[in-house]
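Quick look at work.cif (mmCIF, C-alpha atoms):
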```cif
data_coords
loop_
_atom_site.label_atom_id
_atom_site.label_comp_id
_atom_site.auth_asym_id
_atom_site.auth_seq_id
_atom_site.Cartn_x
_atom_site.Cartn_y
_atom_site.Cartn_z
CA MET A 1 -10.45 -19.88 4.96
CA ILE A 2 -8.87 -16.68 6.23
CA LEU A 3 -10.87 -13.59 7.16
CA GLY A 4 -8.88 -10.39 6.62
CA ILE A 5 -9.67 -7.19 8.52
CA GLU A 6 -8.13 -3.82 7.59
CA SER A 7 -8.62 -0.50 9.43
CA SER A 8 -5.22 1.19 9.58
CA CYS A 9 -6.49 4.55 8.32
CA ASP A 10 -9.71 5.59 6.58
CA GLU A 11 -10.81 2.36 4.86
CA SER A 12 -12.87 -0.26 6.70
CA ALA A 13 -12.35 -3.53 4.86
CA LEU A 14 -13.08 -7.25 5.08
CA ALA A 15 -11.99 -10.05 2.77
CA LEU A 16 -12.57 -13.79 2.81
CA ILE A 17 -10.01 -15.90 0.97
CA GLU A 18 -9.56 -19.62 0.51
CA PRO A 19 -5.80 -20.28 0.31
CA SER A 20 -6.06 -23.83 -1.03
CA THR A 21 -8.09 -22.81 -4.10
CA GLY A 22 -7.01 -19.22 -4.73
CA ILE A 23 -10.61 -18.08 -4.49
CA ILE A 24 -11.46 -14.66 -3.05
CA HIS A 25 -14.99 -15.23 -1.77
CA ALA A 26 -15.62 -11.65 -0.69
CA GLU A 27 -13.94 -8.23 -0.80
CA LEU A 28 -15.74 -5.45 1.05
CA ILE A 29 -14.61 -1.87 1.58
CA ALA A 30 -16.33 1.10 3.18
CA SER A 31 -14.55 4.27 2.09
CA GLN A 32 -14.40 7.46 4.14
CA VAL A 33 -13.16 9.76 1.37
CA THR A 34 -16.31 11.90 1.38
CA LEU A 35 -16.22 12.17 5.17
CA HIS A 36 -12.71 13.63 5.25
CA ALA A 37 -12.79 15.63 2.00
CA GLU A 38 -14.01 18.86 3.62
CA TYR A 39 -11.03 18.78 6.02
CA GLY A 40 -8.44 18.19 3.29
CA GLY A 41 -7.12 15.05 5.00
CA VAL A 42 -7.93 12.24 7.39
CA VAL A 43 -9.23 13.27 10.83
CA PRO A 44 -8.29 10.40 13.18
CA ASP A 45 -11.24 10.71 15.59
CA LEU A 46 -13.75 10.81 12.74
CA ALA A 47 -12.07 7.85 11.08
CA THR A 48 -12.26 5.79 14.27
CA ARG A 49 -15.96 6.51 14.73
CA ALA A 50 -16.63 5.64 11.11
CA HIS A 51 -14.93 2.25 11.57
CA LEU A 52 -17.24 1.57 14.51
CA ASP A 53 -20.23 2.18 12.25
CA ASN A 54 -18.84 0.40 9.22
CA PHE A 55 -17.74 -2.97 10.55
CA PRO A 56 -21.17 -4.20 11.68
CA ASN A 57 -22.55 -3.29 8.26
CA LEU A 58 -19.67 -5.01 6.48
CA LEU A 59 -20.11 -8.15 8.56
CA GLY A 60 -23.78 -8.15 7.70
CA GLU A 61 -22.97 -7.88 4.01
CA LEU A 62 -20.39 -10.66 4.33
CA ALA A 63 -23.05 -12.93 5.83
CA ARG A 64 -25.31 -12.15 2.86
CA GLN A 65 -22.60 -12.90 0.33
CA VAL A 66 -21.16 -15.98 2.06
CA PRO A 67 -23.75 -17.60 4.34
CA HIS A 68 -22.30 -19.46 7.33
CA TRP A 69 -18.83 -18.07 6.64
CA GLN A 70 -17.99 -18.41 10.33
CA GLU A 71 -18.03 -22.21 10.02
CA LYS A 72 -15.39 -22.10 7.28
CA VAL A 73 -12.84 -19.71 8.80
CA ASP A 74 -9.91 -20.98 10.84
CA THR A 75 -7.84 -17.76 10.89
CA ILE A 76 -8.73 -14.10 11.43
CA ALA A 77 -5.94 -11.86 10.14
CA VAL A 78 -6.15 -8.25 11.30
CA THR A 79 -3.97 -5.23 10.63
CA SER A 80 -2.24 -4.33 13.89
CA GLY A 81 0.19 -1.70 12.61
CA PRO A 82 1.44 0.66 11.40
CA GLY A 83 -1.41 3.14 11.25
CA LEU A 84 -3.63 5.41 13.33
CA ALA A 85 -3.97 4.06 16.86
CA GLY A 86 -7.73 4.42 17.23
CA CYS A 87 -8.38 2.94 13.80
CA LEU A 88 -6.11 -0.03 14.44
CA ALA A 89 -7.75 -0.61 17.83
CA THR A 90 -11.19 -0.78 16.23
CA GLY A 91 -10.12 -3.45 13.77
CA ILE A 92 -8.42 -5.49 16.48
CA ALA A 93 -11.47 -5.23 18.73
CA THR A 94 -13.59 -6.54 15.86
CA ALA A 95 -11.20 -9.45 15.33
CA LYS A 96 -11.17 -10.34 19.01
CA ALA A 97 -14.95 -10.17 19.28
CA LEU A 98 -15.24 -12.59 16.36
CA ARG A 99 -12.64 -14.85 17.95
CA ILE A 100 -14.60 -14.96 21.21
CA ALA A 101 -17.81 -15.73 19.34
CA HIS A 102 -16.06 -18.50 17.37
CA PRO A 103 -13.48 -20.14 19.65
CA THR A 104 -12.19 -22.57 17.00
CA THR A 105 -10.60 -19.71 15.05
CA ARG A 106 -7.26 -18.09 15.80
CA VAL A 107 -6.43 -14.42 15.44
CA VAL A 108 -3.11 -13.09 14.12
CA GLY A 109 -1.82 -9.56 13.71
CA VAL A 110 -0.50 -8.54 10.30
CA ASN A 111 1.84 -5.70 9.39
CA HIS A 112 -0.02 -3.39 7.01
CA LEU A 113 3.09 -2.57 4.98
CA ARG A 114 3.90 -6.25 4.55
CA GLY A 115 0.46 -6.63 3.10
CA HIS A 116 1.36 -4.00 0.50
CA ALA A 117 4.78 -5.56 -0.12
CA TYR A 118 3.29 -8.97 -0.90
CA SER A 119 0.27 -7.70 -2.87
CA PRO A 120 2.03 -7.90 -6.28
CA PHE A 121 2.23 -11.68 -5.71
CA ILE A 122 -1.54 -12.11 -5.23
CA PRO A 123 -2.15 -12.86 -8.94
CA ASN A 124 0.38 -15.72 -8.72
CA TRP A 125 -1.49 -17.15 -5.76
CA ILE A 126 -4.85 -16.92 -7.54
CA ASP A 127 -3.45 -18.71 -10.61
CA TYR A 128 -1.40 -21.32 -8.73
CA PRO A 129 -2.88 -21.60 -5.22
CA GLY A 130 -1.43 -25.00 -4.34
CA CYS A 131 2.17 -23.99 -5.00
CA VAL A 132 2.27 -20.26 -4.46
CA ASN A 133 5.70 -20.36 -2.75
CA ALA A 134 7.20 -22.28 -5.66
CA ARG A 135 5.66 -19.85 -8.13
CA ILE A 136 6.99 -16.83 -6.21
CA ALA A 137 10.50 -18.29 -5.80
CA PRO A 138 11.72 -17.35 -9.33
CA TYR A 139 11.03 -13.67 -8.52
CA LEU A 140 13.14 -13.63 -5.34
CA PRO A 141 15.09 -11.69 -4.25
CA HIS A 142 12.52 -9.05 -5.10
CA LEU A 143 12.82 -5.24 -5.05
CA GLY A 144 9.50 -3.76 -4.01
CA LEU A 145 8.44 -0.12 -4.13
CA ILE A 146 5.59 0.70 -1.76
CA VAL A 147 4.20 4.13 -2.54
CA SER A 148 1.13 5.59 -0.87
CA GLY A 149 -0.18 8.66 0.89
CA GLY A 150 1.63 7.79 4.10
CA ASN A 151 4.60 5.67 3.00
CA THR A 152 7.29 5.62 0.36
CA LEU A 153 9.92 2.91 0.71
CA LEU A 154 11.93 0.37 -1.22
CA VAL A 155 12.24 -3.08 0.32
CA LYS A 156 14.04 -6.29 -0.46
CA ILE A 157 12.15 -9.57 -0.09
CA ASP A 158 14.70 -12.38 0.01
CA GLU A 159 14.38 -16.08 -0.76
CA HIS A 160 13.05 -16.77 2.75
CA LEU A 161 10.44 -13.96 2.52
CA ARG A 162 12.43 -11.85 4.95
CA ILE A 163 11.99 -8.12 4.37
CA LYS A 164 14.65 -5.42 4.63
CA VAL A 165 14.12 -1.69 4.09
CA LEU A 166 16.59 -0.34 1.52
CA ALA A 167 15.34 3.25 1.13
CA GLU A 168 12.56 5.39 2.60
CA THR A 169 11.35 8.95 2.68
CA VAL A 170 12.78 11.37 5.20
CA ASP A 171 9.80 13.74 5.00
CA ASP A 172 6.65 13.59 2.88
CA ALA A 173 5.53 10.42 1.16
CA ALA A 174 4.99 10.58 -2.61
CA GLY A 175 1.21 10.40 -2.26
CA GLU A 176 1.31 13.10 0.37
CA ALA A 177 3.32 15.32 -1.98
CA LEU A 178 0.74 14.84 -4.72
CA ASP A 179 -2.16 15.55 -2.34
CA LYS A 180 -0.48 18.67 -0.92
CA GLY A 181 0.40 19.86 -4.40
CA ALA A 182 -3.21 19.42 -5.48
CA LYS A 183 -4.36 21.39 -2.45
CA LEU A 184 -2.05 24.28 -3.42
CA LEU A 185 -3.65 24.15 -6.86
CA GLY A 186 -7.14 24.37 -5.38
CA MET A 187 -8.11 20.75 -6.04
CA PRO A 188 -10.20 18.68 -3.63
CA TYR A 189 -8.95 15.87 -1.41
CA PRO A 190 -7.61 13.35 -2.22
CA GLY A 191 -5.71 15.34 -4.79
CA GLY A 192 -3.41 12.78 -6.43
CA PRO A 193 -6.07 11.39 -8.81
CA HIS A 194 -7.07 14.96 -9.78
CA ILE A 195 -3.48 15.84 -10.67
CA GLU A 196 -3.21 12.64 -12.70
CA ARG A 197 -6.40 13.44 -14.63
CA VAL A 198 -5.45 17.05 -15.40
CA ALA A 199 -1.86 16.09 -16.24
CA LEU A 200 -3.01 13.91 -19.14
CA GLU A 201 -3.26 16.99 -21.35
CA GLY A 202 -0.10 18.66 -20.05
CA ASN A 203 3.56 19.06 -21.00
CA THR A 204 5.90 17.39 -18.51
CA ALA A 205 8.73 19.73 -19.54
CA TYR A 206 6.80 22.95 -18.83
CA HIS A 207 8.49 23.61 -15.48
CA PRO A 208 11.68 21.95 -14.12
CA PHE A 209 10.52 20.88 -10.68
CA PRO A 210 13.36 19.39 -8.59
CA VAL A 211 13.91 15.64 -8.74
CA ALA A 212 15.63 14.94 -5.43
CA ALA A 213 17.03 11.54 -6.30
CA GLY A 214 20.41 12.19 -4.69
CA ALA A 215 23.56 10.14 -5.17
CA ARG A 216 23.51 6.44 -6.01
CA ASN A 217 24.50 5.52 -2.46
CA ASP A 218 21.85 7.81 -0.91
CA ARG A 219 19.03 5.61 0.40
CA ARG A 220 16.50 8.37 0.98
CA PHE A 221 13.48 9.80 -0.77
CA SER A 222 12.54 13.43 -0.16
CA PHE A 223 9.46 15.23 -1.49
CA SER A 224 9.12 18.30 0.74
CA GLY A 225 11.29 20.41 -1.58
CA LEU A 226 9.05 19.53 -4.52
CA LYS A 227 6.01 20.90 -2.71
CA THR A 228 7.92 24.06 -1.75
CA SER A 229 8.98 24.57 -5.35
CA LEU A 230 5.35 24.43 -6.46
CA ARG A 231 4.37 27.01 -3.86
CA TYR A 232 7.10 29.39 -5.07
CA LEU A 233 5.95 28.92 -8.67
CA LEU A 234 2.33 29.67 -7.79
CA GLU A 235 3.33 32.82 -5.90
CA LYS A 236 4.82 34.14 -9.15
CA THR A 237 1.97 32.97 -11.40
CA ASP A 238 -1.09 35.09 -12.06
CA ASP A 239 -4.56 33.57 -12.31
CA ALA A 240 -4.78 33.76 -16.09
CA THR A 241 -1.45 31.99 -16.56
CA LEU A 242 -2.44 29.36 -14.02
CA ARG A 243 -5.69 28.64 -15.85
CA LYS A 244 -3.88 28.43 -19.18
CA HIS A 245 -1.09 26.18 -17.98
CA LEU A 246 -2.74 24.18 -15.18
CA SER A 247 -2.39 20.91 -17.09
CA ASP A 248 1.28 21.66 -17.80
CA ILE A 249 1.99 22.42 -14.14
CA CYS A 250 0.25 19.22 -13.05
CA ALA A 251 2.13 17.18 -15.65
CA SER A 252 5.48 18.66 -14.62
CA TYR A 253 4.79 18.20 -10.92
CA GLN A 254 3.64 14.60 -11.36
CA PHE A 255 6.64 13.90 -13.61
CA ALA A 256 9.09 15.07 -10.93
CA THR A 257 7.38 12.89 -8.32
CA ILE A 258 7.47 9.79 -10.51
CA GLU A 259 10.97 10.45 -11.81
CA GLN A 260 12.38 10.50 -8.29
CA LEU A 261 10.73 7.13 -7.60
CA ALA A 262 12.15 5.65 -10.80
CA ARG A 263 15.66 7.06 -10.36
CA LYS A 264 15.97 5.94 -6.75
CA THR A 265 14.71 2.48 -7.68
CA THR A 266 17.40 2.37 -10.37
CA HIS A 267 20.05 3.46 -7.86
CA ILE A 268 19.06 0.71 -5.44
CA TRP A 269 18.93 -1.83 -8.28
CA ASP A 270 22.47 -0.89 -9.33
CA THR A 271 24.05 -0.68 -5.88
CA LEU A 272 22.26 -3.27 -3.71
CA GLY A 273 21.31 -5.97 -6.21
CA PRO A 274 21.07 -8.48 -7.65
CA PHE A 275 17.28 -8.75 -7.76
CA LYS A 276 15.10 -10.97 -9.93
CA SER A 277 12.03 -8.71 -10.13
CA ILE A 278 10.62 -5.29 -9.28
CA GLY A 279 7.23 -4.79 -7.65
CA LEU A 280 4.94 -1.79 -7.41
CA SER A 281 2.25 -1.51 -4.72
CA GLY A 282 0.41 0.95 -2.50
CA GLY A 283 -2.32 3.43 -3.33
CA VAL A 284 -0.21 5.67 -5.59
CA SER A 285 0.78 2.65 -7.70
CA ASN A 286 -2.68 2.96 -9.22
CA ASN A 287 -1.36 6.00 -11.12
CA GLY A 288 -1.19 5.20 -14.82
CA ALA A 289 1.85 7.40 -15.53
CA LEU A 290 3.75 5.72 -12.70
CA ARG A 291 2.89 2.27 -14.08
CA ASP A 292 4.02 3.30 -17.55
CA ARG A 293 7.32 4.68 -16.19
CA PHE A 294 8.07 1.47 -14.34
CA ALA A 295 7.09 -0.65 -17.32
CA ALA A 296 9.70 1.23 -19.33
CA LEU A 297 12.25 0.97 -16.51
CA THR A 298 11.89 -2.78 -16.07
CA LYS A 299 12.03 -3.30 -19.82
CA LYS A 300 15.36 -1.48 -19.85
CA LEU A 301 16.60 -3.53 -16.89
CA GLU A 302 15.28 -6.72 -18.54
CA THR A 303 13.49 -7.82 -15.39
CA PRO A 304 9.84 -8.72 -14.62
CA LEU A 305 7.53 -6.03 -13.27
CA LEU A 306 5.00 -7.30 -10.75
CA LEU A 307 2.06 -4.95 -10.30
CA ALA A 308 -0.52 -5.14 -7.55
CA GLU A 309 -3.95 -5.34 -9.13
CA ARG A 310 -5.69 -1.98 -9.02
CA ARG A 311 -8.29 -3.23 -6.54
CA HIS A 312 -5.42 -4.25 -4.23
CA THR A 313 -3.35 -1.06 -4.45
CA GLY A 314 -5.19 0.92 -1.80
CA ASP A 315 -5.86 -0.24 1.75
CA ASN A 316 -7.71 -3.54 1.45
CA ALA A 317 -8.25 -6.69 3.50
CA THR A 318 -7.31 -9.19 0.79
CA MET A 319 -3.65 -8.26 1.08
CA ILE A 320 -3.87 -8.67 4.87
CA ALA A 321 -5.35 -12.16 4.58
CA PHE A 322 -2.83 -13.08 1.89
CA ALA A 323 0.12 -11.88 3.98
CA ALA A 324 -1.08 -14.04 6.86
CA HIS A 325 -1.19 -17.03 4.50
CA LEU A 326 2.16 -16.38 2.86
CA ASP A 327 4.35 -15.20 5.70
CA SER A 328 3.81 -16.39 9.27
CA ILE A 329 7.17 -14.95 10.34
CA GLY A 330 5.88 -11.44 9.85
CA CYS A 331 2.69 -12.01 11.86
CA ASP A 332 1.97 -11.42 15.53
CA HIS A 333 0.83 -14.73 17.03
CA SER A 334 0.38 -13.47 20.60
CA GLY A 335 -3.31 -14.33 20.36
CA LEU A 336 -6.50 -13.14 21.97
CA ASP A 337 -4.96 -11.80 25.18
CA GLY A 338 -1.66 -10.50 23.86
CA LEU A 339 -2.49 -8.98 20.49
CA SER A 340 -2.46 -5.19 20.47
CA PHE A 341 -1.95 -2.34 18.02
CA ASN A 342 1.44 -0.88 17.14
CA PRO A 343 1.14 2.43 15.24
CA SER A 344 4.86 2.45 14.39
CA TRP A 345 5.37 -1.25 13.63
CA SER A 346 8.29 -1.47 11.21
CA ILE A 347 7.89 -3.55 8.08
CA ASP A 348 11.21 -5.33 8.68
CA HIS A 349 10.58 -6.29 12.31
CA ASP A 350 9.72 -9.99 12.50
CA VAL A 351 7.37 -10.97 15.33
CA VAL A 352 6.87 -14.61 16.24
CA ASP A 353 5.58 -15.07 19.77
CA GLN A 354 4.64 -18.65 19.15
CA PRO A 355 5.12 -21.08 16.24
CA PRO A 356 2.72 -20.83 13.31
CA GLN A 357 -0.22 -23.15 13.82
CA THR A 358 -0.91 -23.88 10.15
CA SER A 359 1.37 -24.70 7.24
CA ARG A 360 1.42 -22.85 3.94
#
```

As structure tokens, what does this structure read like?
Amino acid sequence: MILGIESSCDESALALIEPSTGIIHAELIASQVTLHAEYGGVVPDLATRAHLDNFPNLLGELARQVPHWQEKVDTIAVTSGPGLAGCLATGIATAKALRIAHPTTRVVGVNHLRGHAYSPFIPNWIDYPGCVNARIAPYLPHLGLIVSGGNTLLVKIDEHLRIKVLAETVDDAAGEALDKGAKLLGMPYPGGPHIERVALEGNTAYHPFPVAAGARNDRRFSFSGLKTSLRYLLEKTDDATLRKHLSDICASYQFATIEQLARKTTHIWDTLGPFKSIGLSGGVSNNGALRDRFAALTKKLETPLLLAERRHTGDNATMIAFAAHLDSIGCDHSGLDGLSFNPSWSIDHDVVDQPPQTSR
């Protein structure tokens, strides 16, 4: 089995998977949303302290759900970047402590963004655990959109599971734009789900917010102008009008965010293909309107849409364990003494300090 540990930001998470059977024996997450809500965003020091409190409790719960799990684990896969330094360090310290207590296990570092990139393939692994690589092969090369509060990027996963960044944001991430827009509208943190809920009753054509998709050969996302446009609109809108048209404003703002994601994905599909599938992952991919837009897009392009399951869209440890199983090239194998955190670890930087010790 593989024990996954995730602590890149404000979610403390453990997962226990059995690669040979496709069974997820445990998925545990301790959320910090309430802790950070009053500050309107994640406070790194508070997040780090919360991880210190959460992991002992999660390990205790894991022991209750899967007695003697330590005897069944041969690999501990821990997020070692990118993310907040203190949060990453806490997860790595937990992994190393477990490795010292159980010397027969090995510990590997996993790139958090690679976990997101591969998460749309988790259902294939669950259904066909013994031949997951063969089942994934028909979908490669794969165009993956990772969209979250901290990251927005399009990546190519080729036939050898090598990852290349094709487009990324130059300022705010899409999730960040939604959260900041919600804050301007007086909504609590995290704001993206509140905008989605209110937008259900709104008119997406109420206000023409900018869709900064750029030219077809422009490989950049940009969402800072969208947020600025909302601020200018609110400065000219009185309270009565805002109350009357709040759902319309939310719908228009969300539409512009999603439309940029869809248009840029289309540009990359047209200019850098061919691809055999499109994937959607990351916390914002839980948004129903975004899923509907990409379902329509992939139908038009006549290509499969691979969606991360909703429980695997946010930061979770199952995707970390799965990435360690699927892709040893992307893992850090420097071991107990050499493994450290890398807050800016790029998704397309392969790290192999020593050969993989298990086969897929």

Exercise for review: Rank nothing, just name the residue among A:Lys227, A:Tyr189, A:Ala167, A:Asn111 nearest to His36 (chain A), using all atoms listed in the file.
Suggested key: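 So, comparing all the options, the nearest one is A:Tyr189.
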
Around the point (-11.1, 14.0, -0.1), in the coordinates given by the file, pick out the residues reaching within 12 Å, counting all atoms listed in the file, and return them as an mmCIF file with C-alpha atoms, in the coordinates of the input.
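Here's the written file out_21.cif:
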```cif
data_model
loop_
_atom_site.group_PDB
_atom_site.id
_atom_site.type_symbol
_atom_site.label_atom_id
_atom_site.label_comp_id
_atom_site.auth_asym_id
_atom_site.auth_seq_id
_atom_site.Cartn_x
_atom_site.Cartn_y
_atom_site.Cartn_z
ATOM 1 C CA ASP A 10 -9.710 5.590 6.580
ATOM 2 C CA SER A 31 -14.550 4.270 2.090
ATOM 3 C CA GLN A 32 -14.400 7.460 4.140
ATOM 4 C CA VAL A 33 -13.160 9.760 1.370
ATOM 5 C CA THR A 34 -16.310 11.900 1.380
ATOM 6 C CA LEU A 35 -16.220 12.170 5.170
ATOM 7 C CA HIS A 36 -12.710 13.630 5.250
ATOM 8 C CA ALA A 37 -12.790 15.630 2.000
ATOM 9 C CA GLU A 38 -14.010 18.860 3.620
ATOM 10 C CA TYR A 39 -11.030 18.780 6.020
ATOM 11 C CA GLY A 40 -8.440 18.190 3.290
ATOM 12 C CA GLY A 41 -7.120 15.050 5.000
ATOM 13 C CA VAL A 42 -7.930 12.240 7.390
ATOM 14 C CA VAL A 43 -9.230 13.270 10.830
ATOM 15 C CA ASP A 179 -2.160 15.550 -2.340
ATOM 16 C CA LYS A 180 -0.480 18.670 -0.920
ATOM 17 C CA ALA A 182 -3.210 19.420 -5.480
ATOM 18 C CA LYS A 183 -4.360 21.390 -2.450
ATOM 19 C CA MET A 187 -8.110 20.750 -6.040
ATOM 20 C CA PRO A 188 -10.200 18.680 -3.630
ATOM 21 C CA TYR A 189 -8.950 15.870 -1.410
ATOM 22 C CA PRO A 190 -7.610 13.350 -2.220
ATOM 23 C CA GLY A 191 -5.710 15.340 -4.790
ATOM 24 C CA GLY A 192 -3.410 12.780 -6.430
ATOM 25 C CA PRO A 193 -6.070 11.390 -8.810
ATOM 26 C CA HIS A 194 -7.070 14.960 -9.780
#
```

Point to revise | Test item: the PyMOL selection byres ((chain A and resi 9) around 10) resolved as a VMD selection string | key: chain A and resid 6 to 8 10 to 12 32 42 to 44 47 to 48 51 82 to 88 150 315

Could those selected residues go to a file with C-alpha atoms, as an mmCIF file, in the coordinates of the input?
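This is the output file out30.cif:
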```
data_model
loop_
_atom_site.group_PDB
_atom_site.id
_atom_site.type_symbol
_atom_site.label_atom_id
_atom_site.label_comp_id
_atom_site.auth_asym_id
_atom_site.auth_seq_id
_atom_site.Cartn_x
_atom_site.Cartn_y
_atom_site.Cartn_z
ATOM 1 C CA GLU A 6 -8.130 -3.820 7.590
ATOM 2 C CA SER A 7 -8.620 -0.500 9.430
ATOM 3 C CA SER A 8 -5.220 1.190 9.580
ATOM 4 C CA ASP A 10 -9.710 5.590 6.580
ATOM 5 C CA GLU A 11 -10.810 2.360 4.860
ATOM 6 C CA SER A 12 -12.870 -0.260 6.700
ATOM 7 C CA GLN A 32 -14.400 7.460 4.140
ATOM 8 C CA VAL A 42 -7.930 12.240 7.390
ATOM 9 C CA VAL A 43 -9.230 13.270 10.830
ATOM 10 C CA PRO A 44 -8.290 10.400 13.180
ATOM 11 C CA ALA A 47 -12.070 7.850 11.080
ATOM 12 C CA THR A 48 -12.260 5.790 14.270
ATOM 13 C CA HIS A 51 -14.930 2.250 11.570
ATOM 14 C CA PRO A 82 1.440 0.660 11.400
ATOM 15 C CA GLY A 83 -1.410 3.140 11.250
ATOM 16 C CA LEU A 84 -3.630 5.410 13.330
ATOM 17 C CA ALA A 85 -3.970 4.060 16.860
ATOM 18 C CA GLY A 86 -7.730 4.420 17.230
ATOM 19 C CA CYS A 87 -8.380 2.940 13.800
ATOM 20 C CA LEU A 88 -6.110 -0.030 14.440
ATOM 21 C CA GLY A 150 1.630 7.790 4.100
ATOM 22 C CA ASP A 315 -5.860 -0.240 1.750
#
```

Exercise for review: Name the residues that the PyMOL selection byres ((chain A and resi 330-345) around 10) pulls out of this structure, and write them as a ChimeraX atom specification.
Suggested key: /A:8,77-93,95-97,99-100,106-115,161-163,323-329,346-357

Check your understanding: For Thr75 (chain A), which residue among A:Thr104, A:Asn57, A:Ser247, A:Asn286 is the nearest when counting only C-alpha atoms?
Key ->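 Among the listed residues, the smallest separation from Thr75 (chain A) belongs to A:Thr104.
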
Review point. Using the chain letters and numbers from the file, which residues does the PyMOL selection byres ((chain A and resi 265) around 10) grab, as a list in words?
Key: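 Matching residues under the PyMOL selection byres ((chain A and resi 265) around 10) are Leu143, Gly144, Leu145, Leu153, Leu154, Leu166, Ala167, Ala213, Arg216, Arg219, Glu259, Gln260, Leu261, Ala262, Arg263, Lys264, Thr266, His267, Ile268, Trp269, Asp270, Ile278, Phe294 and Leu297 of chain A.
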
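With distances taken over all atoms listed in the file, A:Gln70 is the one residue among A:Gln70, A:Gln254, A:Glu176, A:Ala117 lying closest to Ala101 (chain A).
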
Exercise for review: Find, counting all atoms listed in the file, the residue in A:Asp53, A:Asp292, A:Glu302, A:Asp248 that gets nearest to Ala199 (chain A).
Suggested key: A:Asp248

Review point. Just how far from CA of Val155 (chain A) is CA of Cys250 (chain A), in Å to one decimal?
Key: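 Answer for the CA of Cys250 (chain A) to CA of Val155 (chain A) separation: 28.6 Å.
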
Point to revise | Expected residue set, 10 Å radius at (7.6, 14.6, -18.5), all atoms listed in the file, as a PyMOL selection string | key: chain A and resi 199+202-208+248+251-256+258-259+289

Atoms to include: C-alpha atoms. Write the selected residues as a short mmCIF file (atom, residue, chain, number, x, y, z; two decimals), in the coordinates of the input.
```
data_model
loop_
_atom_site.label_atom_id
_atom_site.label_comp_id
_atom_site.auth_asym_id
_atom_site.auth_seq_id
_atom_site.Cartn_x
_atom_site.Cartn_y
_atom_site.Cartn_z
CA ALA A 199 -1.86 16.09 -16.24
CA GLY A 202 -0.10 18.66 -20.05
CA ASN A 203 3.56 19.06 -21.00
CA THR A 204 5.90 17.39 -18.51
CA ALA A 205 8.73 19.73 -19.54
CA TYR A 206 6.80 22.95 -18.83
CA HIS A 207 8.49 23.61 -15.48
CA PRO A 208 11.68 21.95 -14.12
CA ASP A 248 1.28 21.66 -17.80
CA ALA A 251 2.13 17.18 -15.65
CA SER A 252 5.48 18.66 -14.62
CA TYR A 253 4.79 18.20 -10.92
CA GLN A 254 3.64 14.60 -11.36
CA PHE A 255 6.64 13.90 -13.61
CA ALA A 256 9.09 15.07 -10.93
CA ILE A 258 7.47 9.79 -10.51
CA GLU A 259 10.97 10.45 -11.81
CA ALA A 289 1.85 7.40 -15.53
#
```

Practice item. Give the answer as one residue: which of A:Ala15, A:Ile249, A:Val147, A:Ile157 has the shortest atom-to-atom distance to Ser277 (chain A), using only C-alpha atoms? Key: A:Ile157

I want to know what sits within 8 Å of region 58-69 of chain A, based on only C-alpha atoms, with residues of the same chain fewer than 3 positions away left out; could you give that as a PDB file with C-alpha atoms, keeping the file's coordinate frame?
```
ATOM      1  CA  ALA A  13     -12.350  -3.530   4.860  1.00  0.00           C
ATOM      2  CA  LEU A  14     -13.080  -7.250   5.080  1.00  0.00           C
ATOM      3  CA  HIS A  25     -14.990 -15.230  -1.770  1.00  0.00           C
ATOM      4  CA  ALA A  26     -15.620 -11.650  -0.690  1.00  0.00           C
ATOM      5  CA  LEU A  28     -15.740  -5.450   1.050  1.00  0.00           C
ATOM      6  CA  ILE A  29     -14.610  -1.870   1.580  1.00  0.00           C
ATOM      7  CA  ALA A  30     -16.330   1.100   3.180  1.00  0.00           C
ATOM      8  CA  ASN A  54     -18.840   0.400   9.220  1.00  0.00           C
ATOM      9  CA  PHE A  55     -17.740  -2.970  10.550  1.00  0.00           C
ATOM     10  CA  LYS A  72     -15.390 -22.100   7.280  1.00  0.00           C
ATOM     11  CA  VAL A  73     -12.840 -19.710   8.800  1.00  0.00           C
TER      12      VAL A  73
END
```

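Take CA of Asp239 (chain A) and CA of Asp172 (chain A): the distance between them is 27.5 Å.
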
Review point. Quick one: distance from CA of Leu140 (chain A) to CA of Ala215 (chain A) in Å, one decimal?
Key: 26.0 Å

Practice item. Select, from A:Ile146, A:Leu233, A:Ala212, A:Leu184, the residue with the minimum atom-to-atom distance to Gly282 (chain A), counting only C-alpha atoms. Key: A:Ile146

Point to revise | For Ile17 (chain A): contacts at 6 Å, only C-alpha atoms, fewer than 2 positions along chain excluded, given as a ChimeraX atom specification | key: /A:1-2,23-25
